[in-house]
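S.K.: Here it is: the structure, laid out below.
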Amino acid sequence: MFKTVRYCMTHQYLNTTSTRSYCVPVVNIFDRNVKRLQRERAAKSEDVELYDYIKDEVGYRISDRIFDVKRPFVNAVDLGAGRGYVTNHVLGETVKKLTAIDLSPTMLSQVKGTPGLDFSVREMDEEKFDFEPSSLDLVVSSLSLHWVNDLPKCFRAVNKALKPDGVFIGAMFGGETLYELRSSLHLAEQERRGGLSPHLSPFTQIRDVGMLLNRSNFTMLTIDTDEVVVGYPSMFELMWDLKGMAESNAAFNRPLHISRDTLLAAAAIYKDMYGKDDGVTATFQIIYFVGWKPCPSQPKPLERGSADVSLKDLGKLMDPKNVGDKK
């Protein structure tokens, strides 16, 4: 079972005239070394391809968005490439040269690319994104940024590396991802242990993505979200697949053990609350975004108050009786 539900929120010609800086200390939530080990373990598994179904699908959709930008890109980077979930779908006629970066060397060794695509791989932590200023035409990222501790710093580094009018296209898991599993584990732990533990890592909310991009000097933002709903026989198959995807929890404060009775209780709650005739479902919320580095050639928003049509008259304009009256 695999279906998607789409919602859309578009910010066209988003611009600000002033900026503020805040001295906010960065708190490291995720253990990047643990995440590297998880990716290495997943990549070395003999059946690693069985767990690529979500990342391959989202990577294909990202590559399709690249194709929608009707211009060639000379120099591009796949940020958090994994096993090439985007790189393996990018066409050489669209991107001339692409560099796939990830913190897992084993995953990078499995990137295949496409015929005609000039690509290379480079081991690099997404949190330490470092390319020459104004050297890239395109940066893409698919389902990797939700493990980055300092997203504003990462976004600023991407913006700095892009040329004027360069584009940043990405996807990341949103806050509604795996809400079924999260609530089932919480209810089970409350019942069995009288408290809660962070079994799932926190995800970025869609309302925050636009703010982060805007504060990182991106403009003409477009943000939309999909819900990918996948069916599983039970909660245990879902958790096994998350491990195979290298998406196990990597937070510093994660519990290292879940008791057997808690897991069994969570599975029963999951089945009762979110069960279907043939198993259970799990929701993956995918946030897609497009942001452009400012350039003088880009369209500018009209001056405030320059509109010649009132919003209250939109209904009259759309009335079939008035269509074609004005020539």
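Residues in the structure tokens are named by chain (A, B, ... in the order shown) and by number from 1 within that chain; ligands are numbered from 1 in the order shown.
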Please identify all polymer residues within 7 Å of region 255-267 of chain A, counting only C-alpha atoms, omitting same-chain residues fewer than 2 positions from it, and present them as a list in words.

M.R.: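 Skipping anything fewer than 2 positions along the chain leaves Ser184, Leu185, Ala188, Glu189, Arg192, Ser197, His199, Met235, Asn253, Ile269, Tyr270 and Lys271 of chain A.
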
S.K.: Please identify the helix (DSSP H, G or I) residues within region 162-308 of chain A (assignment by DSSP from backbone atoms) and present them as a compact mmCIF listing (two decimals) with N, CA and C atoms, in the first residue's frame.

M.R.:
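Once everything was written out, this is result20.txt:
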```
# COMPACT_ATOMS: atom_id res chain seq x y z
N TYR A 179 3.75 9.87 13.00
CA TYR A 179 3.00 10.26 14.20
C TYR A 179 2.30 9.05 14.82
N GLU A 180 1.96 8.06 14.01
CA GLU A 180 1.31 6.86 14.54
C GLU A 180 2.26 6.09 15.47
N LEU A 181 3.50 5.91 15.03
CA LEU A 181 4.49 5.19 15.84
C LEU A 181 4.83 5.99 17.10
N ARG A 182 4.96 7.28 16.96
CA ARG A 182 5.30 8.12 18.10
C ARG A 182 4.23 8.06 19.19
N SER A 183 2.97 8.21 18.79
CA SER A 183 1.89 8.23 19.78
C SER A 183 1.71 6.84 20.40
N SER A 184 1.91 5.78 19.62
CA SER A 184 1.76 4.42 20.16
C SER A 184 2.83 4.14 21.22
N LEU A 185 4.06 4.52 20.94
CA LEU A 185 5.14 4.32 21.91
C LEU A 185 4.93 5.16 23.16
N HIS A 186 4.45 6.38 22.98
CA HIS A 186 4.21 7.25 24.14
C HIS A 186 3.12 6.66 25.04
N LEU A 187 2.03 6.22 24.45
CA LEU A 187 0.93 5.66 25.24
C LEU A 187 1.36 4.38 25.94
N ALA A 188 2.15 3.55 25.24
CA ALA A 188 2.61 2.30 25.85
C ALA A 188 3.54 2.57 27.03
N GLU A 189 4.44 3.55 26.87
CA GLU A 189 5.36 3.84 27.97
C GLU A 189 4.64 4.48 29.16
N GLN A 190 3.66 5.31 28.88
CA GLN A 190 2.88 5.88 29.98
C GLN A 190 2.17 4.79 30.76
N GLU A 191 1.65 3.81 30.05
CA GLU A 191 0.92 2.73 30.70
C GLU A 191 1.85 1.81 31.48
N ARG A 192 3.00 1.45 30.87
CA ARG A 192 3.88 0.45 31.48
C ARG A 192 4.93 1.03 32.41
N ARG A 193 5.37 2.25 32.15
CA ARG A 193 6.47 2.81 32.93
C ARG A 193 6.12 4.11 33.64
N ILE A 206 6.71 22.54 8.88
CA ILE A 206 6.69 23.21 7.57
C ILE A 206 6.73 24.73 7.73
N ARG A 207 6.13 25.26 8.79
CA ARG A 207 6.12 26.71 8.96
C ARG A 207 7.52 27.26 9.23
N ASP A 208 8.44 26.41 9.70
CA ASP A 208 9.79 26.88 10.01
C ASP A 208 10.71 26.86 8.80
N VAL A 209 10.41 26.04 7.80
CA VAL A 209 11.31 25.91 6.66
C VAL A 209 11.42 27.21 5.89
N GLY A 210 10.28 27.85 5.61
CA GLY A 210 10.30 29.12 4.89
C GLY A 210 11.05 30.19 5.65
N MET A 211 10.86 30.24 6.98
CA MET A 211 11.56 31.23 7.79
C MET A 211 13.07 31.00 7.74
N LEU A 212 13.50 29.74 7.84
CA LEU A 212 14.93 29.43 7.80
C LEU A 212 15.55 29.80 6.45
N LEU A 213 14.84 29.49 5.38
CA LEU A 213 15.35 29.82 4.05
C LEU A 213 15.42 31.33 3.85
N ASN A 214 14.39 32.03 4.28
CA ASN A 214 14.35 33.48 4.12
C ASN A 214 15.46 34.16 4.91
N ARG A 215 15.69 33.71 6.13
CA ARG A 215 16.74 34.29 6.96
C ARG A 215 18.14 33.92 6.45
N MET A 235 3.68 -3.09 13.46
CA MET A 235 4.64 -2.07 13.86
C MET A 235 6.07 -2.56 13.77
N PHE A 236 6.29 -3.84 13.98
CA PHE A 236 7.65 -4.37 14.01
C PHE A 236 8.31 -4.33 12.63
N GLU A 237 7.54 -4.60 11.56
CA GLU A 237 8.09 -4.48 10.21
C GLU A 237 8.45 -3.04 9.89
N LEU A 238 7.65 -2.10 10.37
CA LEU A 238 7.98 -0.68 10.18
C LEU A 238 9.30 -0.34 10.84
N MET A 239 9.48 -0.75 12.09
CA MET A 239 10.72 -0.45 12.81
C MET A 239 11.93 -1.13 12.15
N TRP A 240 11.73 -2.33 11.62
CA TRP A 240 12.82 -3.02 10.93
C TRP A 240 13.21 -2.27 9.66
N ASP A 241 12.21 -1.77 8.93
CA ASP A 241 12.50 -1.01 7.71
C ASP A 241 13.19 0.31 8.02
N LEU A 242 12.82 0.96 9.11
CA LEU A 242 13.49 2.21 9.49
C LEU A 242 14.98 1.95 9.76
N LYS A 243 15.28 0.84 10.38
CA LYS A 243 16.67 0.47 10.60
C LYS A 243 17.38 0.24 9.27
N GLY A 244 16.72 -0.45 8.33
CA GLY A 244 17.30 -0.69 7.02
C GLY A 244 17.51 0.57 6.22
N ARG A 260 10.59 -5.37 26.40
CA ARG A 260 9.74 -6.22 25.56
C ARG A 260 8.26 -5.93 25.80
N ASP A 261 7.87 -5.76 27.05
CA ASP A 261 6.45 -5.53 27.33
C ASP A 261 5.98 -4.18 26.78
N THR A 262 6.88 -3.18 26.77
CA THR A 262 6.52 -1.88 26.20
C THR A 262 6.31 -2.00 24.70
N LEU A 263 7.19 -2.73 24.02
CA LEU A 263 7.06 -2.92 22.58
C LEU A 263 5.77 -3.66 22.22
N LEU A 264 5.46 -4.70 22.97
CA LEU A 264 4.24 -5.46 22.70
C LEU A 264 3.01 -4.60 22.94
N ALA A 265 3.04 -3.79 23.99
CA ALA A 265 1.92 -2.90 24.26
C ALA A 265 1.78 -1.86 23.15
N ALA A 266 2.92 -1.31 22.70
CA ALA A 266 2.88 -0.32 21.62
C ALA A 266 2.33 -0.92 20.33
N ALA A 267 2.73 -2.16 20.02
CA ALA A 267 2.24 -2.82 18.82
C ALA A 267 0.73 -3.02 18.88
N ALA A 268 0.22 -3.39 20.08
CA ALA A 268 -1.22 -3.58 20.23
C ALA A 268 -1.97 -2.26 20.10
N ILE A 269 -1.42 -1.19 20.67
CA ILE A 269 -2.05 0.14 20.56
C ILE A 269 -2.03 0.60 19.11
N TYR A 270 -0.90 0.40 18.43
CA TYR A 270 -0.77 0.79 17.03
C TYR A 270 -1.84 0.09 16.18
N LYS A 271 -1.98 -1.21 16.39
CA LYS A 271 -2.96 -1.97 15.63
C LYS A 271 -4.38 -1.50 15.92
N ASP A 272 -4.66 -1.20 17.17
CA ASP A 272 -6.00 -0.79 17.56
C ASP A 272 -6.34 0.60 17.01
N MET A 273 -5.37 1.52 17.02
CA MET A 273 -5.64 2.90 16.63
C MET A 273 -5.47 3.14 15.13
N TYR A 274 -4.51 2.47 14.51
CA TYR A 274 -4.20 2.76 13.10
C TYR A 274 -4.22 1.51 12.23
```

S.K.: Out of A:Val309, A:Ile286, A:Ile29, A:Ile169, which residue has the shortest atom-to-atom distance to Arg65 (chain A) when counting only C-alpha atoms?

M.R.: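 For Arg65 (chain A), the nearest of the candidates is A:Ile169.
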
S.K.: If you measure from CA of Gly80 (chain A) to CA of Asn249 (chain A), what distance in Å do you get, rounded to one decimal?

M.R.: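 One can read the CA of Gly80 (chain A) to CA of Asn249 (chain A) distance as 17.2 Å.
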
S.K.: Fewer than 3 positions away in the same chain doesn't count, so skip those; otherwise give me all residues within 6 Å of region 288-294 of chain A, counting only C-alpha atoms, as a list of chain:residue names.

M.R.: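 Neighbouring residues, sequence-local ones excluded: A:Pro164, A:Asp165, A:Gly166, A:Val167, A:Phe168, A:Ile169, A:Gly170, A:Ala171, A:Phe218, A:Thr219, A:Leu221, A:Thr222, A:Ile223, A:Asp224, A:Thr225.
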
S.K.: If you keep C-alpha atoms, can you produce a file of those selected residues as a compact mmCIF listing (two decimals), in the first residue's frame?

M.R.:
```txt
# COMPACT_ATOMS: atom_id res chain seq x y z
CA PRO A 164 23.69 34.64 -7.96
CA ASP A 165 20.40 33.22 -9.28
CA GLY A 166 21.52 29.74 -8.18
CA VAL A 167 18.82 27.44 -6.81
CA PHE A 168 18.50 25.21 -3.75
CA ILE A 169 16.00 22.35 -4.21
CA GLY A 170 15.38 19.93 -1.37
CA ALA A 171 13.10 17.63 0.58
CA PHE A 218 17.01 32.84 -0.17
CA THR A 219 14.24 34.45 -2.14
CA LEU A 221 10.53 30.52 -2.08
CA THR A 222 8.21 27.69 -3.04
CA ILE A 223 7.22 25.19 -0.34
CA ASP A 224 4.81 22.29 -0.55
CA THR A 225 4.25 19.03 1.28
```

S.K.: Could you build a table of the residues in region 24-75 of chain A lying no more than 12 Å from region 281-285 of chain A, giving for each the nearest pair of atoms and their separation in Å rounded to one decimal place, using only C-alpha atoms, ordered by chain and ascending residue number, as a Markdown table?

M.R.:
```
| residue | atom | partner | partner_atom | distance |
| --- | --- | --- | --- | --- |
| A:Ile54 | CA | A:Phe284 | CA | 8.8 |
| A:Lys55 | CA | A:Phe284 | CA | 11.0 |
| A:Val58 | CA | A:Phe284 | CA | 10.9 |
```

S.K.: For the residues selected in the previous step, produce a file with all heavy atoms as a PDB file, in the first residue's frame.

M.R.:
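Output file out-v3.pdb follows:
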```
ATOM      1  N   ILE A  54      11.124   4.591  -0.213  1.00  0.00           N
ATOM      2  CA  ILE A  54      10.714   5.975   0.032  1.00  0.00           C
ATOM      3  C   ILE A  54      11.761   6.949  -0.496  1.00  0.00           C
ATOM      4  O   ILE A  54      11.442   7.927  -1.188  1.00  0.00           O
ATOM      5  CB  ILE A  54      10.456   6.206   1.529  1.00  0.00           C
ATOM      6  CG1 ILE A  54       9.212   5.442   1.982  1.00  0.00           C
ATOM      7  CG2 ILE A  54      10.280   7.702   1.818  1.00  0.00           C
ATOM      8  CD1 ILE A  54       8.904   5.593   3.448  1.00  0.00           C
ATOM      9  N   LYS A  55      13.027   6.698  -0.196  1.00  0.00           N
ATOM     10  CA  LYS A  55      14.087   7.625  -0.611  1.00  0.00           C
ATOM     11  C   LYS A  55      14.247   7.656  -2.124  1.00  0.00           C
ATOM     12  O   LYS A  55      14.551   8.703  -2.703  1.00  0.00           O
ATOM     13  CB  LYS A  55      15.394   7.242   0.080  1.00  0.00           C
ATOM     14  CG  LYS A  55      15.341   7.452   1.589  1.00  0.00           C
ATOM     15  CD  LYS A  55      16.675   7.230   2.260  1.00  0.00           C
ATOM     16  CE  LYS A  55      16.593   7.524   3.751  1.00  0.00           C
ATOM     17  NZ  LYS A  55      17.899   7.358   4.432  1.00  0.00           N
ATOM     18  N   VAL A  58      11.210   9.818  -3.445  1.00  0.00           N
ATOM     19  CA  VAL A  58      11.402  11.250  -3.209  1.00  0.00           C
ATOM     20  C   VAL A  58      12.556  11.775  -4.060  1.00  0.00           C
ATOM     21  O   VAL A  58      12.487  12.883  -4.605  1.00  0.00           O
ATOM     22  CB  VAL A  58      11.651  11.517  -1.717  1.00  0.00           C
ATOM     23  CG1 VAL A  58      11.957  12.995  -1.473  1.00  0.00           C
ATOM     24  CG2 VAL A  58      10.436  11.094  -0.887  1.00  0.00           C
TER      25      VAL A  58
END
```

S.K.: Could you produce a table of the residues of region 68-102 of chain A lying within 9 Å of region 107-115 of chain A, with the nearest pair of atoms per residue and their separation in Å rounded to one decimal, using only C-alpha atoms, ordered by chain and increasing residue number, as CSV?

M.R.:
```
residue,atom,partner,partner_atom,distance
A:Ala81,CA,A:Leu108,CA,7.4
A:Gly82,CA,A:Met107,CA,5.4
A:Arg83,CA,A:Met107,CA,4.9
A:Gly84,CA,A:Val111,CA,4.7
A:Tyr85,CA,A:Val111,CA,8.2
A:Val86,CA,A:Gly113,CA,8.7
A:Thr87,CA,A:Gly113,CA,5.4
A:Asn88,CA,A:Gly113,CA,4.2
A:His89,CA,A:Thr114,CA,6.5
A:Val90,CA,A:Thr114,CA,6.7
A:Leu91,CA,A:Thr114,CA,6.5
A:Gly92,CA,A:Pro115,CA,7.3
A:Ala100,CA,A:Leu108,CA,7.5
A:Ile101,CA,A:Leu108,CA,7.4
A:Asp102,CA,A:Leu108,CA,6.7
```

S.K.: Convert the current residue selection to file output with N, CA, C and O atoms, as a short mmCIF file (atom, residue, chain, number, x, y, z; two decimals), in the first residue's frame.

M.R.:
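Everything below was put into result_25.cif:
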```cif
data_model
loop_
_atom_site.label_atom_id
_atom_site.label_comp_id
_atom_site.auth_asym_id
_atom_site.auth_seq_id
_atom_site.Cartn_x
_atom_site.Cartn_y
_atom_site.Cartn_z
N ALA A 81 23.81 12.71 -0.23
CA ALA A 81 23.38 11.93 -1.39
C ALA A 81 22.97 10.52 -1.04
O ALA A 81 22.20 9.90 -1.77
N GLY A 82 23.49 9.95 0.06
CA GLY A 82 23.19 8.56 0.38
C GLY A 82 23.70 7.64 -0.72
O GLY A 82 24.84 7.73 -1.17
N ARG A 83 22.85 6.75 -1.18
CA ARG A 83 23.20 5.82 -2.25
C ARG A 83 22.84 6.39 -3.63
O ARG A 83 22.72 5.65 -4.59
N GLY A 84 22.71 7.72 -3.69
CA GLY A 84 22.45 8.36 -4.97
C GLY A 84 20.98 8.47 -5.30
O GLY A 84 20.59 8.34 -6.46
N TYR A 85 20.16 8.75 -4.30
CA TYR A 85 18.71 8.76 -4.50
C TYR A 85 18.28 9.86 -5.47
O TYR A 85 17.26 9.71 -6.15
N VAL A 86 19.03 10.96 -5.56
CA VAL A 86 18.79 12.00 -6.56
C VAL A 86 19.74 11.82 -7.74
O VAL A 86 19.32 11.86 -8.90
N THR A 87 21.01 11.60 -7.45
CA THR A 87 22.03 11.49 -8.50
C THR A 87 21.68 10.41 -9.51
O THR A 87 21.95 10.55 -10.71
N ASN A 88 21.07 9.33 -9.04
CA ASN A 88 20.74 8.21 -9.93
C ASN A 88 19.58 8.51 -10.87
O ASN A 88 19.22 7.67 -11.71
N HIS A 89 18.97 9.70 -10.74
CA HIS A 89 17.85 10.07 -11.60
C HIS A 89 18.13 11.34 -12.41
O HIS A 89 17.32 11.71 -13.27
N VAL A 90 19.23 12.04 -12.12
CA VAL A 90 19.53 13.30 -12.81
C VAL A 90 20.06 13.02 -14.21
O VAL A 90 20.92 12.15 -14.39
N LEU A 91 19.58 13.77 -15.19
CA LEU A 91 19.99 13.58 -16.57
C LEU A 91 21.21 14.44 -16.89
O LEU A 91 21.30 15.59 -16.45
N GLY A 92 22.11 13.90 -17.68
CA GLY A 92 23.30 14.64 -18.07
C GLY A 92 23.01 15.85 -18.91
O GLY A 92 23.78 16.81 -18.92
N ALA A 100 28.35 14.29 -5.57
CA ALA A 100 27.53 13.70 -4.52
C ALA A 100 28.34 13.64 -3.23
O ALA A 100 29.44 13.08 -3.21
N ILE A 101 27.81 14.22 -2.15
CA ILE A 101 28.52 14.24 -0.88
C ILE A 101 27.67 13.57 0.20
O ILE A 101 26.44 13.65 0.19
N ASP A 102 28.32 12.88 1.11
CA ASP A 102 27.65 12.22 2.22
C ASP A 102 28.71 11.89 3.26
O ASP A 102 29.92 11.84 2.94
#
```

S.K.: Residues at most 10 Å from Pro133 (chain A), counting only C-alpha atoms, excluding those fewer than 4 positions away in the same chain, as a PDB file with C-alpha atoms, in the first residue's frame?

M.R.:
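Output contents, as saved in around_20.pdb:
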```pdb
ATOM      1  CA  ALA A 157      26.684  27.759   3.720  1.00  0.00           C
ATOM      2  CA  VAL A 158      24.606  26.571   0.751  1.00  0.00           C
ATOM      3  CA  ASN A 159      23.590  30.134  -0.071  1.00  0.00           C
ATOM      4  CA  LYS A 160      27.214  31.288   0.086  1.00  0.00           C
ATOM      5  CA  ALA A 161      28.341  28.516  -2.297  1.00  0.00           C
ATOM      6  CA  LEU A 162      25.647  29.268  -4.872  1.00  0.00           C
ATOM      7  CA  LYS A 163      26.151  31.737  -7.704  1.00  0.00           C
TER       8      LYS A 163
END
```

S.K.: Could you check how far CA of Ser144 (chain A) sits from CA of Cys295 (chain A), in Å to one decimal?

M.R.: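 So the answer is 27.5 Å.
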
S.K.: By how many Å are CA of Asp226 (chain A) and CA of Val74 (chain A) apart?

M.R.: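 CA of Val74 (chain A) lies at a distance of 29.5 Å from CA of Asp226 (chain A).
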
S.K.: Name all residues at most 12 Å from Asn149 (chain A) (count only C-alpha atoms; drop same-chain ones fewer than 3 positions away) and give them as a PyMOL selection string.

M.R.: chain A and resi 25-32+35+125-128+144-146+152-155+201-204+250-252

S.K.: Going by DSSP on the backbone, which residues of region 24-109 of chain A come out as strand (DSSP E or B)? List them as a count of residues only.

M.R.: 16

S.K.: Could you give me, as a short mmCIF file (atom, residue, chain, number, x, y, z; two decimals) with all heavy atoms, in the first residue's frame, the residues within 9 Å of Lys44 (chain A), counting only C-alpha atoms and dropping anything in the same chain fewer than 4 positions from it?

M.R.:
```cif
data_model
loop_
_atom_site.label_atom_id
_atom_site.label_comp_id
_atom_site.auth_asym_id
_atom_site.auth_seq_id
_atom_site.Cartn_x
_atom_site.Cartn_y
_atom_site.Cartn_z
N ARG A 39 24.39 4.60 8.85
CA ARG A 39 24.40 4.57 7.38
C ARG A 39 25.39 3.54 6.86
O ARG A 39 25.11 2.86 5.86
CB ARG A 39 24.73 5.96 6.84
CG ARG A 39 23.64 6.99 7.08
CD ARG A 39 23.99 8.34 6.50
NE ARG A 39 22.96 9.32 6.80
CZ ARG A 39 23.02 10.61 6.47
NH1 ARG A 39 24.07 11.06 5.80
NH2 ARG A 39 22.04 11.44 6.79
N GLU A 40 26.54 3.43 7.50
CA GLU A 40 27.52 2.44 7.09
C GLU A 40 26.95 1.03 7.25
O GLU A 40 27.09 0.19 6.35
CB GLU A 40 28.79 2.59 7.93
CG GLU A 40 29.66 3.76 7.54
CD GLU A 40 30.40 3.49 6.24
OE1 GLU A 40 31.34 2.68 6.22
OE2 GLU A 40 30.00 4.10 5.22
N VAL A 48 20.15 -4.11 1.09
CA VAL A 48 19.97 -2.68 1.31
C VAL A 48 18.97 -2.07 0.33
O VAL A 48 18.22 -1.15 0.68
CB VAL A 48 21.33 -1.95 1.22
CG1 VAL A 48 21.97 -2.15 -0.14
CG2 VAL A 48 21.17 -0.47 1.52
N THR A 106 30.71 4.21 2.38
CA THR A 106 30.14 3.01 1.77
C THR A 106 28.92 3.33 0.94
O THR A 106 28.72 2.79 -0.16
CB THR A 106 29.79 1.97 2.85
OG1 THR A 106 30.94 1.70 3.65
CG2 THR A 106 29.31 0.68 2.23
N MET A 107 28.07 4.22 1.43
CA MET A 107 26.92 4.64 0.64
C MET A 107 27.36 5.33 -0.64
O MET A 107 26.82 5.10 -1.72
CB MET A 107 26.00 5.54 1.46
CG MET A 107 25.10 4.80 2.43
SD MET A 107 23.70 5.79 2.98
CE MET A 107 22.64 4.53 3.69
#
```

S.K.: Given the choices A:Leu136, A:Ile66, A:Leu103, A:Leu50, which gets closest to Glu123 (chain A) if the distance is worked out from only C-alpha atoms?

M.R.: A:Leu103
